[in-house]
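Colleague: Before we start, here is the structure in question, set down as structure tokens.
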Amino acid sequence: MRPSQTAQTPALIAAAMAALILPLAACNSAPEVSATNASTKEVAEKVAAATGGEAIIQPGRWEGTYVMHDMEIPGMANMPPAAKEQMKAQMAQTRKFVNCVSEEDVKKQKAFYMGDENKNCTYDHFTMGGGKIDAAMACNTGREGAMAMTMTGSYSPDSYKMDMTGKGQGSGPAAGMSMKFSVEARRVGACKGTKDEL
């Protein structure tokens, strides 16, 4: 793998994790849900049961940031000190993301659990209630390999803040990689229909 690809891998995984957690955490703080060894669909069903099937997220444009606090990449210890510091400084920069949650997403509760089509992730445990969330998840991210993730933080119907960890597993590009970062986002209004709204 070329050095440039190695440097980009953590950012790609972090961006994917940030996109994953945004709809997860954008739920109402009233329901209390607990699950272990559950699929995303099973968690969604528990949430639906706890809320009586009512919509638990607010549609609209969500804007957020994520910051990498620590990371380790296989072979990083062998890099020249200047190159290693440059990579760490680059990864530590605050990065922005945008997500649009539509009315249709809310009706299907698709935005919360990413729908039946997300079969690459399983929750080791998932606890939500009282404005707090604590979860551990294992995902196969395709070309980037398998990742084990943890998420803890606070949320409200229109904002959230999460501390997250990720550790690469298996034999893909992410194997042996670890990272710690934080993600926060807020609903800022209606979707604009622009290209940056994923």
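How things are named: the first chain in the structure tokens is A, the next is B, and so on; residues count from 1 in each chain; ligands count from 1 in the order shown.
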Hey, which bits of segment 168-193 of chain A sit within 10 Å of segment 91-101 of chain A, and for each residue what's the closest pair of atoms and how far apart in Å (one decimal), counting only C-alpha atoms, rows by chain and increasing number, as a Markdown table?
Modeller:
| residue | atom | partner | partner_atom | distance |
| --- | --- | --- | --- | --- |
| A:Phe181 | CA | A:Ala92 | CA | 9.0 |
| A:Ser182 | CA | A:Thr94 | CA | 9.8 |
| A:Val183 | CA | A:Arg95 | CA | 9.6 |
| A:Glu184 | CA | A:Lys96 | CA | 9.7 |
| A:Ala185 | CA | A:Phe97 | CA | 8.7 |
| A:Arg186 | CA | A:Val98 | CA | 9.8 |
| A:Arg187 | CA | A:Cys100 | CA | 9.3 |
| A:Gly189 | CA | A:Cys100 | CA | 9.9 |
| A:Ala190 | CA | A:Cys100 | CA | 8.4 |
| A:Cys191 | CA | A:Cys100 | CA | 5.8 |
| A:Lys192 | CA | A:Cys100 | CA | 8.4 |
| A:Gly193 | CA | A:Cys100 | CA | 8.2 |
Colleague: For N, CA, C and O atoms, I'd like the residues from the last selection saved as a PDB file, in the first residue's frame.
Modeller:
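again_37.pdb, written as the output of this step:
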ATOM      1  N   PHE A 181     -11.757   9.142  18.693  1.00  0.00           N
ATOM      2  CA  PHE A 181     -12.187  10.442  18.197  1.00  0.00           C
ATOM      3  C   PHE A 181     -13.555  10.808  18.748  1.00  0.00           C
ATOM      4  O   PHE A 181     -14.253   9.980  19.339  1.00  0.00           O
ATOM      5  N   SER A 182     -13.907  12.061  18.601  1.00  0.00           N
ATOM      6  CA  SER A 182     -15.199  12.550  19.066  1.00  0.00           C
ATOM      7  C   SER A 182     -15.988  13.098  17.886  1.00  0.00           C
ATOM      8  O   SER A 182     -15.415  13.603  16.912  1.00  0.00           O
ATOM      9  N   VAL A 183     -17.306  12.983  17.983  1.00  0.00           N
ATOM     10  CA  VAL A 183     -18.220  13.425  16.940  1.00  0.00           C
ATOM     11  C   VAL A 183     -19.328  14.234  17.593  1.00  0.00           C
ATOM     12  O   VAL A 183     -19.848  13.839  18.639  1.00  0.00           O
ATOM     13  N   GLU A 184     -19.685  15.343  17.011  1.00  0.00           N
ATOM     14  CA  GLU A 184     -20.851  16.077  17.495  1.00  0.00           C
ATOM     15  C   GLU A 184     -21.572  16.704  16.315  1.00  0.00           C
ATOM     16  O   GLU A 184     -20.965  17.037  15.300  1.00  0.00           O
ATOM     17  N   ALA A 185     -22.887  16.837  16.454  1.00  0.00           N
ATOM     18  CA  ALA A 185     -23.697  17.391  15.370  1.00  0.00           C
ATOM     19  C   ALA A 185     -24.962  18.019  15.930  1.00  0.00           C
ATOM     20  O   ALA A 185     -25.374  17.737  17.052  1.00  0.00           O
ATOM     21  N   ARG A 186     -25.565  18.856  15.093  1.00  0.00           N
ATOM     22  CA  ARG A 186     -26.777  19.575  15.491  1.00  0.00           C
ATOM     23  C   ARG A 186     -27.677  19.737  14.267  1.00  0.00           C
ATOM     24  O   ARG A 186     -27.192  19.950  13.157  1.00  0.00           O
ATOM     25  N   ARG A 187     -28.977  19.621  14.500  1.00  0.00           N
ATOM     26  CA  ARG A 187     -29.931  19.908  13.432  1.00  0.00           C
ATOM     27  C   ARG A 187     -29.994  21.424  13.262  1.00  0.00           C
ATOM     28  O   ARG A 187     -30.217  22.156  14.225  1.00  0.00           O
ATOM     29  N   GLY A 189     -31.797  23.026  10.587  1.00  0.00           N
ATOM     30  CA  GLY A 189     -32.935  23.501   9.806  1.00  0.00           C
ATOM     31  C   GLY A 189     -33.352  22.492   8.762  1.00  0.00           C
ATOM     32  O   GLY A 189     -33.032  21.304   8.865  1.00  0.00           O
ATOM     33  N   ALA A 190     -34.059  22.971   7.755  1.00  0.00           N
ATOM     34  CA  ALA A 190     -34.549  22.098   6.691  1.00  0.00           C
ATOM     35  C   ALA A 190     -33.436  21.701   5.740  1.00  0.00           C
ATOM     36  O   ALA A 190     -32.430  22.404   5.596  1.00  0.00           O
ATOM     37  N   CYS A 191     -33.597  20.555   5.096  1.00  0.00           N
ATOM     38  CA  CYS A 191     -32.640  20.111   4.085  1.00  0.00           C
ATOM     39  C   CYS A 191     -32.663  21.116   2.922  1.00  0.00           C
ATOM     40  O   CYS A 191     -33.706  21.642   2.556  1.00  0.00           O
ATOM     41  N   LYS A 192     -31.491  21.350   2.339  1.00  0.00           N
ATOM     42  CA  LYS A 192     -31.370  22.312   1.246  1.00  0.00           C
ATOM     43  C   LYS A 192     -31.345  21.641  -0.121  1.00  0.00           C
ATOM     44  O   LYS A 192     -31.443  22.321  -1.154  1.00  0.00           O
ATOM     45  N   GLY A 193     -31.169  20.319  -0.138  1.00  0.00           N
ATOM     46  CA  GLY A 193     -31.098  19.630  -1.409  1.00  0.00           C
ATOM     47  C   GLY A 193     -29.784  19.832  -2.130  1.00  0.00           C
ATOM     48  O   GLY A 193     -29.701  19.716  -3.350  1.00  0.00           O
TER      49      GLY A 193
END
Colleague: Any chance you could list, as a PyMOL selection string, the residues in segment 32-149 of chain A that come up helix (DSSP H, G or I) when DSSP is run on the backbone?
Modeller: chain A and resi 40-51+76-78+81-91+103-108+110-113+142-144
Colleague: Closest to Thr152 of chain A among A:Cys121, A:Met71, A:Cys139, A:Lys180, using only C-alpha atoms?
Modeller: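 Closest to Thr152 of chain A, using only C-alpha atoms: A:Lys180.
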Colleague: Excluding same-chain residues fewer than 4 positions from Met179 of chain A, what lies within 6 Å of it counting only C-alpha atoms, as JSON, numbers by chain?
Modeller: {"A": [70, 71, 165, 166]}
Colleague: Could you save those same residues with C-alpha atoms as a CSV table (one decimal), in the first residue's frame?
Modeller:
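What landed in selection.csv:
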chain,number,residue,atom,x,y,z
A,70,ASP,CA,-5.3,9.4,18.8
A,71,MET,CA,-4.5,6.9,16.2
A,165,THR,CA,-13.1,4.3,19.4
A,166,GLY,CA,-12.3,2.0,16.5
